[in-house]
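Novice: Structure supplied as structure.cif; contents: mmCIF, C-alpha atoms and all ligand atoms.
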data_work
loop_
_atom_site.label_atom_id
_atom_site.label_comp_id
_atom_site.auth_asym_id
_atom_site.auth_seq_id
_atom_site.Cartn_x
_atom_site.Cartn_y
_atom_site.Cartn_z
CA MET A 1 -8.50 7.99 30.25
CA SER A 2 -10.36 7.68 33.57
CA LEU A 3 -12.18 4.56 34.76
CA THR A 4 -15.90 3.93 34.63
CA THR A 5 -17.84 2.75 37.70
CA GLU A 6 -18.08 -0.69 36.14
CA GLU A 7 -14.32 -0.79 35.65
CA ARG A 8 -13.68 0.26 39.25
CA ASN A 9 -15.85 -2.63 40.32
CA ARG A 10 -14.37 -5.15 37.90
CA TYR A 11 -10.75 -4.38 38.82
CA ASP A 12 -11.42 -3.79 42.53
CA ARG A 13 -8.99 -6.47 43.75
CA GLN A 14 -6.06 -5.31 41.66
CA LEU A 15 -6.77 -1.63 42.34
CA MET A 16 -6.06 -2.56 45.97
CA LEU A 17 -2.51 -3.64 45.10
CA ASP A 18 0.31 -1.51 46.50
CA GLY A 19 1.49 1.02 43.95
CA PHE A 20 -1.23 0.07 41.48
CA GLY A 21 -4.46 2.02 42.02
CA GLU A 22 -6.38 3.86 39.34
CA PRO A 23 -3.26 5.22 37.63
CA GLY A 24 -2.01 1.65 37.22
CA GLN A 25 -5.34 0.50 35.82
CA GLU A 26 -5.46 3.44 33.45
CA ARG A 27 -2.00 2.53 32.22
CA LEU A 28 -3.16 -1.03 31.51
CA LYS A 29 -6.20 0.29 29.69
CA ALA A 30 -3.96 2.40 27.46
CA SER A 31 -1.51 -0.46 26.81
CA ARG A 32 -0.98 -2.57 23.73
CA VAL A 33 0.36 -6.08 24.16
CA LEU A 34 1.17 -8.54 21.40
CA VAL A 35 0.80 -12.23 22.19
CA ALA A 36 2.89 -14.15 19.68
CA GLY A 37 1.45 -17.66 19.48
CA VAL A 38 -1.97 -18.68 20.75
CA GLY A 39 -1.10 -22.15 22.00
CA GLY A 40 -0.23 -23.43 25.48
CA LEU A 41 1.46 -20.23 26.64
CA GLY A 42 -0.56 -17.79 24.56
CA THR A 43 -4.03 -18.96 25.59
CA VAL A 44 -3.14 -18.58 29.27
CA ALA A 45 -1.31 -15.27 28.84
CA ALA A 46 -4.10 -13.75 26.76
CA GLN A 47 -6.75 -14.65 29.33
CA TYR A 48 -4.92 -12.94 32.18
CA LEU A 49 -4.19 -9.90 30.04
CA ALA A 50 -7.84 -9.57 29.05
CA ALA A 51 -9.07 -10.18 32.59
CA ALA A 52 -6.62 -7.57 33.92
CA GLY A 53 -7.95 -4.98 31.46
CA VAL A 54 -5.03 -4.53 29.06
CA GLY A 55 -6.70 -2.26 26.51
CA ARG A 56 -5.47 -3.72 23.27
CA ILE A 57 -4.39 -7.33 22.83
CA VAL A 58 -3.05 -8.46 19.47
CA LEU A 59 -3.07 -12.23 18.93
CA VAL A 60 -0.79 -13.67 16.28
CA ASP A 61 -0.91 -17.29 15.13
CA TYR A 62 -1.03 -19.26 11.91
CA ASP A 63 -2.56 -22.50 13.02
CA VAL A 64 -5.92 -24.16 13.46
CA VAL A 65 -7.15 -26.01 16.53
CA VAL A 66 -6.53 -29.77 16.54
CA MET A 67 -7.46 -32.36 19.14
CA SER A 68 -3.93 -32.73 20.54
CA ASN A 69 -3.93 -29.02 21.50
CA LEU A 70 -6.69 -29.46 24.04
CA ASN A 71 -4.58 -30.80 26.92
CA ARG A 72 -3.03 -27.36 27.44
CA GLN A 73 -4.41 -24.68 25.12
CA ILE A 74 -7.26 -23.86 27.41
CA LEU A 75 -9.02 -21.20 25.33
CA HIS A 76 -9.64 -23.77 22.59
CA TRP A 77 -12.46 -26.21 23.20
CA GLU A 78 -13.89 -29.26 21.40
CA SER A 79 -16.30 -27.08 19.46
CA ASP A 80 -13.32 -25.14 18.06
CA LEU A 81 -11.63 -28.03 16.28
CA GLY A 82 -10.62 -26.85 12.80
CA ARG A 83 -11.04 -23.14 13.62
CA LYS A 84 -8.24 -20.62 13.43
CA LYS A 85 -6.69 -20.34 16.89
CA THR A 86 -6.74 -16.56 16.62
CA ASP A 87 -10.52 -16.55 16.06
CA SER A 88 -11.22 -19.16 18.70
CA ALA A 89 -9.25 -17.20 21.29
CA ALA A 90 -10.50 -13.75 20.31
CA GLU A 91 -14.11 -14.83 20.62
CA LYS A 92 -13.72 -16.06 24.20
CA LEU A 93 -11.57 -13.15 25.30
CA SER A 94 -14.23 -10.70 24.11
CA GLN A 95 -16.77 -12.55 26.22
CA LEU A 96 -14.44 -12.54 29.20
CA ASN A 97 -13.92 -8.78 28.95
CA SER A 98 -15.92 -6.85 26.38
CA THR A 99 -14.21 -3.59 27.32
CA VAL A 100 -10.83 -4.61 25.87
CA THR A 101 -10.02 -4.70 22.18
CA VAL A 102 -8.76 -8.05 20.91
CA ILE A 103 -7.22 -8.11 17.45
CA PRO A 104 -6.76 -11.57 15.90
CA ARG A 105 -4.06 -11.71 13.24
CA TYR A 106 -3.87 -14.99 11.37
CA LEU A 107 -0.34 -14.87 10.04
CA LYS A 108 3.05 -16.50 10.28
CA ILE A 109 5.95 -14.84 12.09
CA ASP A 110 8.52 -14.25 9.36
CA ASP A 111 11.16 -11.69 8.45
CA GLU A 112 8.81 -9.66 6.28
CA ILE A 113 5.93 -9.24 8.69
CA THR A 114 7.32 -8.95 12.21
CA ASP A 115 8.74 -5.46 11.96
CA SER A 116 5.30 -4.10 11.18
CA LEU A 117 3.76 -6.19 13.98
CA VAL A 118 5.80 -4.77 16.84
CA THR A 119 5.49 -1.09 16.04
CA GLU A 120 2.84 0.53 18.21
CA ILE A 121 3.15 -2.31 20.73
CA ASP A 122 4.27 -1.76 24.34
CA VAL A 123 5.22 -5.34 25.24
CA VAL A 124 5.58 -8.58 23.28
CA ILE A 125 4.79 -11.83 25.06
CA ASP A 126 6.70 -14.64 23.45
CA ALA A 127 4.35 -17.59 23.41
CA LEU A 128 5.83 -19.22 20.32
CA ASP A 129 6.65 -22.91 20.03
CA ASN A 130 10.02 -22.84 18.27
CA LEU A 131 13.33 -21.02 18.42
CA GLU A 132 13.46 -19.85 14.77
CA ALA A 133 10.32 -17.74 15.07
CA ARG A 134 11.50 -16.46 18.44
CA GLN A 135 14.78 -15.28 16.93
CA ILE A 136 12.89 -13.41 14.18
CA LEU A 137 10.61 -11.74 16.70
CA ASN A 138 13.56 -10.96 18.98
CA ARG A 139 15.31 -9.14 16.14
CA SER A 140 12.27 -6.96 15.49
CA CYS A 141 11.85 -6.23 19.19
CA VAL A 142 15.51 -5.24 19.53
CA LYS A 143 15.26 -3.04 16.43
CA HIS A 144 12.20 -1.22 17.74
CA ARG A 145 13.26 -1.45 21.40
CA VAL A 146 10.13 -3.28 22.46
CA PRO A 147 10.31 -5.35 25.66
CA PHE A 148 10.12 -9.05 24.90
CA ILE A 149 9.02 -11.47 27.61
CA PHE A 150 10.61 -14.77 26.69
CA GLY A 151 8.88 -17.91 27.89
CA GLY A 152 9.36 -21.51 26.81
CA VAL A 153 8.25 -24.95 28.00
CA ASN A 154 9.27 -28.56 27.62
CA GLY A 155 7.61 -31.33 29.58
CA PHE A 156 7.56 -30.34 33.25
CA LYS A 157 10.13 -27.62 32.62
CA GLY A 158 10.05 -24.03 31.55
CA MET A 159 11.97 -20.77 31.53
CA VAL A 160 11.29 -17.06 31.55
CA THR A 161 13.28 -13.89 31.22
CA THR A 162 12.40 -10.27 30.57
CA ILE A 163 14.33 -8.77 27.68
CA LEU A 164 14.66 -4.99 27.63
CA PRO A 165 16.61 -4.25 24.45
CA GLY A 166 19.85 -2.41 25.17
CA ARG A 167 19.58 -3.04 28.91
CA THR A 168 19.50 -6.83 29.17
CA PRO A 169 20.72 -9.69 27.02
CA CYS A 170 18.48 -10.33 24.03
CA LEU A 171 17.39 -13.83 23.04
CA ALA A 172 20.32 -14.19 20.63
CA CYS A 173 22.80 -13.25 23.40
CA LEU A 174 21.53 -16.21 25.42
CA PHE A 175 20.78 -18.67 22.62
CA PRO A 176 23.02 -18.06 19.63
CA ASN A 177 21.71 -21.20 17.90
CA ARG A 178 18.69 -21.40 15.67
CA THR A 179 17.57 -24.97 16.30
CA GLY A 180 14.68 -26.50 14.45
CA SER A 181 11.29 -26.99 16.01
CA ARG A 182 10.29 -30.43 17.09
CA LYS A 183 7.36 -31.97 18.83
CA LEU A 184 7.92 -31.73 22.58
CA PRO A 185 6.05 -33.35 25.45
CA VAL A 186 4.12 -30.87 27.62
CA LEU A 187 2.12 -31.22 30.80
CA GLY A 188 -0.73 -28.74 30.36
CA ALA A 189 -0.10 -27.02 33.67
CA THR A 190 3.52 -26.17 32.73
CA PRO A 191 2.61 -23.43 30.23
CA GLY A 192 0.08 -22.29 32.84
CA VAL A 193 2.92 -21.63 35.29
CA ILE A 194 5.20 -20.01 32.73
CA ALA A 195 2.55 -17.84 31.05
CA GLY A 196 1.39 -16.68 34.48
CA LEU A 197 4.94 -15.47 35.15
CA GLN A 198 5.10 -13.76 31.74
CA VAL A 199 1.89 -11.85 32.42
CA THR A 200 3.14 -10.88 35.89
CA GLU A 201 6.23 -9.38 34.26
CA THR A 202 4.14 -7.65 31.59
CA ILE A 203 1.83 -6.03 34.10
CA LYS A 204 4.74 -4.97 36.33
CA TYR A 205 6.44 -3.39 33.33
CA LEU A 206 3.29 -1.61 32.14
CA THR A 207 2.37 -0.24 35.56
CA GLY A 208 5.94 0.39 36.75
CA ASN A 209 5.63 -1.88 39.78
CA GLY A 210 8.02 -4.32 41.40
CA ARG A 211 11.37 -5.58 40.21
CA LEU A 212 11.54 -7.13 36.77
CA LEU A 213 13.13 -10.44 35.82
CA ALA A 214 15.72 -8.47 33.86
CA ASN A 215 19.25 -9.87 33.52
CA ARG A 216 17.99 -13.02 35.21
CA LEU A 217 16.89 -16.24 33.59
CA LEU A 218 14.38 -18.13 35.69
CA SER A 219 14.17 -21.89 35.15
CA TYR A 220 11.33 -23.97 36.49
CA ASP A 221 11.33 -27.72 36.92
CA GLY A 222 7.93 -29.02 37.96
CA GLU A 223 9.17 -32.59 38.28
CA ILE A 224 11.37 -31.78 41.27
CA MET A 225 9.43 -28.55 41.96
CA ARG A 226 12.31 -26.15 41.87
CA PHE A 227 12.76 -22.62 40.54
CA LYS A 228 16.25 -21.38 39.88
CA ASP A 229 17.63 -18.03 38.98
CA THR A 230 20.69 -17.52 36.75
CA SER A 231 22.40 -14.15 36.34
CA VAL A 232 22.70 -13.43 32.64
CA SER A 233 24.65 -10.78 30.77
CA ARG A 234 24.73 -9.33 27.27
CA ASN A 235 27.06 -10.83 24.71
CA PRO A 236 29.24 -7.92 23.56
CA GLU A 237 29.57 -9.71 20.21
CA CYS A 238 25.83 -10.38 19.79
CA PRO A 239 24.97 -9.97 16.09
CA VAL A 240 21.47 -8.75 17.04
CA CYS A 241 21.84 -6.30 19.91
CA SER A 242 25.52 -5.41 20.44
CA SER A 243 25.16 -2.09 18.62
CA LEU A 244 22.38 -0.89 20.97
CA ASP A 245 23.11 1.16 24.04
CA MET B 1 40.33 -30.06 42.36
CA ARG B 2 36.74 -30.55 43.33
CA VAL B 3 33.95 -29.17 41.16
CA THR B 4 30.25 -29.65 41.77
CA VAL B 5 28.40 -30.58 38.59
CA ASP B 6 24.61 -30.58 38.69
CA GLY B 7 24.70 -30.85 42.46
CA PHE B 8 27.27 -33.65 42.75
CA PRO B 9 30.90 -32.93 43.75
CA GLU B 10 33.58 -34.64 41.67
CA ASP B 11 37.36 -34.55 41.26
CA PHE B 12 38.80 -33.17 38.03
CA PRO B 13 42.31 -32.35 36.85
CA ALA B 14 43.33 -28.69 37.20
CA GLY B 15 42.93 -26.54 34.11
CA LEU B 16 39.57 -28.02 33.15
CA THR B 17 37.49 -25.68 30.97
CA ILE B 18 33.75 -25.66 30.44
CA ALA B 19 34.36 -26.95 26.91
CA ASP B 20 36.27 -29.92 28.38
CA LEU B 21 33.51 -30.62 30.87
CA VAL B 22 30.84 -30.46 28.16
CA ASP B 23 32.89 -33.01 26.21
CA ILE B 24 33.42 -35.33 29.19
CA ARG B 25 29.74 -35.22 30.07
CA LYS B 26 28.60 -35.41 26.44
CA ALA B 27 26.37 -32.52 27.43
CA ASP B 28 26.53 -30.78 24.07
CA ASP B 29 23.17 -29.87 22.69
CA THR B 30 21.86 -26.85 20.83
CA THR B 31 19.68 -26.03 23.85
CA LEU B 32 22.51 -26.28 26.42
CA ILE B 33 23.02 -23.41 28.83
CA THR B 34 25.87 -23.48 31.32
CA GLU B 35 25.89 -21.77 34.65
CA VAL B 36 28.96 -21.44 36.88
CA ASN B 37 28.32 -20.20 40.41
CA HIS B 38 24.85 -19.02 39.31
CA ARG B 39 26.23 -16.99 36.41
CA PHE B 40 25.43 -17.69 32.81
CA ILE B 41 28.46 -18.47 30.64
CA HIS B 42 28.26 -17.43 26.99
CA LYS B 43 28.87 -20.25 24.54
CA LYS B 44 31.78 -18.41 22.95
CA ASP B 45 33.53 -18.46 26.36
CA TYR B 46 33.28 -22.21 27.03
CA GLY B 47 36.86 -22.88 25.90
CA LEU B 48 38.18 -19.84 27.81
CA THR B 49 36.47 -20.46 31.13
CA VAL B 50 38.85 -22.42 33.35
CA LEU B 51 37.17 -23.99 36.36
CA VAL B 52 38.70 -23.77 39.80
CA ASP B 53 38.32 -25.75 43.01
CA GLY B 54 34.91 -25.23 44.60
CA ASP B 55 33.13 -24.10 41.42
CA GLN B 56 29.52 -25.10 40.99
CA VAL B 57 28.52 -25.92 37.45
CA GLU B 58 24.99 -26.56 36.26
CA PHE B 59 23.93 -27.68 32.83
CA ILE B 60 20.46 -26.45 31.94
CA TYR B 61 18.57 -27.37 28.80
CA ALA B 62 16.52 -24.56 27.40
CA ALA B 63 12.83 -25.08 26.79
CA PHE B 64 11.55 -23.76 23.47
CA GLY B 65 8.09 -25.28 23.30
CA GLY B 66 4.98 -23.18 23.68
ZN ZN C 301 21.80 -9.79 21.96
#
Could you quickly redo this structure as structure tokens?
Ligand SMILES: [Zn+2]

Specialist:
Amino acid sequence: MSLTTEERNRYDRQLMLDGFGEPGQERLKASRVLVAGVGGLGTVAAQYLAAAGVGRIVLVDYDVVVMSNLNRQILHWESDLGRKKTDSAAEKLSQLNSTVTVIPRYLKIDDEITDSLVTEIDVVIDALDNLEARQILNRSCVKHRVPFIFGGVNGFKGMVTTILPGRTPCLACLFPNRTGSRKLPVLGATPGVIAGLQVTETIKYLTGNGRLLANRLLSYDGEIMRFKDTSVSRNPECPVCSSLD
Amino acid sequence: MRVTVDGFPEDFPAGLTIADLVDIRKADDTTLITEVNHRFIHKKDYGLTVLVDGDQVEFIYAAFGG
């Protein structure tokens, strides 16, 4: 799958990156990324994926745009109020980069559907807004050995880690609970920071560049402007991933 | 013994476990993550992890919004 002249021009600045080049771009073009949740994290992540030329972007959400989304969900605009988030986002992403395929899937992450969602996907970006749905998606990713880039936000704070099933702790190793979702405060720029990190990890994984945030949990606190890195390990008794090697 | 909790050193009786410290600090929460000397401690090990002089403990609250 070689690049067209237009693509060489469009991706000029990233083609210049060390260890990236045309092979890296071709890998992105052939890649399939699922963005689970098209809210604060998902709208930012999806834009950078589309702009970078990830060939196939699947957007999953089961919500419509409401006014209180607009402080952070930057692909949804006033004219989108009442629209499905998946449609609102897909429309803009196609305008941003018409050479990538964007697949909107208006559905809820539940036990029945997720297994079929993650097959034929290279990376899942977790842009969900509650732990229950994350645990469901984590289980499917572990089962199908799909990398899962966890990201979460709360107020000025956020966290990220790259989960490679069998090689790093899974979400259930780190967070054995299944707490309920609740309405959290969020500064709009916080998911911008976190989703930017998630896309960086995704692109590194897809192109084979750099060192991944694997076995490390990165916490960000924008209020005191500090990043901190915690070494994490698998739980040998994890009900989700302990049987994988 | 002296243990640093969230950046502040404090004296504690010897034999203190993470579970004890979580109790003392009323830090328990479903989103709580504990780090000792930059290493994540699994929840199941809170009662088994005995702190020693010089340990650095941080309580982190996970963020699950999107
Ligand atoms: Zn696990």

Novice: Taking all atoms listed in the file into account and nothing else, which residues of chain A lie no more than 8 Å away from chain B? Please answer as a ChimeraX atom specification.

Specialist: /A:37,39-42,127-131,151-154,157-159,173-177,179,184,191,229-233,235

Novice: If I take atom CA of A:His76 and atom CA of A:Tyr62, how far is one from the other in Å, to one decimal?

Specialist: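 So the answer is 14.4 Å.
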
Novice: Pick out the residues no farther than 9 Å from ligand ZN 301 (chain C), counting all atoms listed in the file, and list them as an mmCIF file with C-alpha atoms, in the coordinates of the input.

Specialist:
data_model
loop_
_atom_site.group_PDB
_atom_site.id
_atom_site.type_symbol
_atom_site.label_atom_id
_atom_site.label_comp_id
_atom_site.auth_asym_id
_atom_site.auth_seq_id
_atom_site.Cartn_x
_atom_site.Cartn_y
_atom_site.Cartn_z
ATOM 1 C CA ASN A 138 13.560 -10.960 18.980
ATOM 2 C CA ARG A 139 15.310 -9.140 16.140
ATOM 3 C CA VAL A 142 15.510 -5.240 19.530
ATOM 4 C CA PRO A 165 16.610 -4.250 24.450
ATOM 5 C CA GLY A 166 19.850 -2.410 25.170
ATOM 6 C CA THR A 168 19.500 -6.830 29.170
ATOM 7 C CA PRO A 169 20.720 -9.690 27.020
ATOM 8 C CA CYS A 170 18.480 -10.330 24.030
ATOM 9 C CA LEU A 171 17.390 -13.830 23.040
ATOM 10 C CA ALA A 172 20.320 -14.190 20.630
ATOM 11 C CA CYS A 173 22.800 -13.250 23.400
ATOM 12 C CA LEU A 174 21.530 -16.210 25.420
ATOM 13 C CA PHE A 175 20.780 -18.670 22.620
ATOM 14 C CA PRO A 176 23.020 -18.060 19.630
ATOM 15 C CA ARG A 234 24.730 -9.330 27.270
ATOM 16 C CA ASN A 235 27.060 -10.830 24.710
ATOM 17 C CA PRO A 236 29.240 -7.920 23.560
ATOM 18 C CA GLU A 237 29.570 -9.710 20.210
ATOM 19 C CA CYS A 238 25.830 -10.380 19.790
ATOM 20 C CA PRO A 239 24.970 -9.970 16.090
ATOM 21 C CA VAL A 240 21.470 -8.750 17.040
ATOM 22 C CA CYS A 241 21.840 -6.300 19.910
ATOM 23 C CA SER A 242 25.520 -5.410 20.440
ATOM 24 C CA LEU A 244 22.380 -0.890 20.970
#

Novice: Taking (29.6, -28.9, 40.3) in the file's coordinates, which residues come within 8 Å, counting all atoms listed in the file, written as a ChimeraX atom specification?

Specialist: /B:2-10,54-58

Novice: Could you check which residues have any atom within 12 Å of (5.4, -28.7, 42.7), counting all atoms listed in the file with coordinates taken straight from the file, and then list them as a PDB file with C-alpha atoms, in the frame of the given file?

Specialist:
ATOM      1  CA  PHE A 156       7.560 -30.340  33.250  1.00  0.00           C
ATOM      2  CA  LYS A 157      10.130 -27.620  32.620  1.00  0.00           C
ATOM      3  CA  ALA A 189      -0.100 -27.020  33.670  1.00  0.00           C
ATOM      4  CA  THR A 190       3.520 -26.170  32.730  1.00  0.00           C
ATOM      5  CA  VAL A 193       2.920 -21.630  35.290  1.00  0.00           C
ATOM      6  CA  TYR A 220      11.330 -23.970  36.490  1.00  0.00           C
ATOM      7  CA  ASP A 221      11.330 -27.720  36.920  1.00  0.00           C
ATOM      8  CA  GLY A 222       7.930 -29.020  37.960  1.00  0.00           C
ATOM      9  CA  GLU A 223       9.170 -32.590  38.280  1.00  0.00           C
ATOM     10  CA  ILE A 224      11.370 -31.780  41.270  1.00  0.00           C
ATOM     11  CA  MET A 225       9.430 -28.550  41.960  1.00  0.00           C
ATOM     12  CA  ARG A 226      12.310 -26.150  41.870  1.00  0.00           C
ATOM     13  CA  PHE A 227      12.760 -22.620  40.540  1.00  0.00           C
TER      14      PHE A 227
END
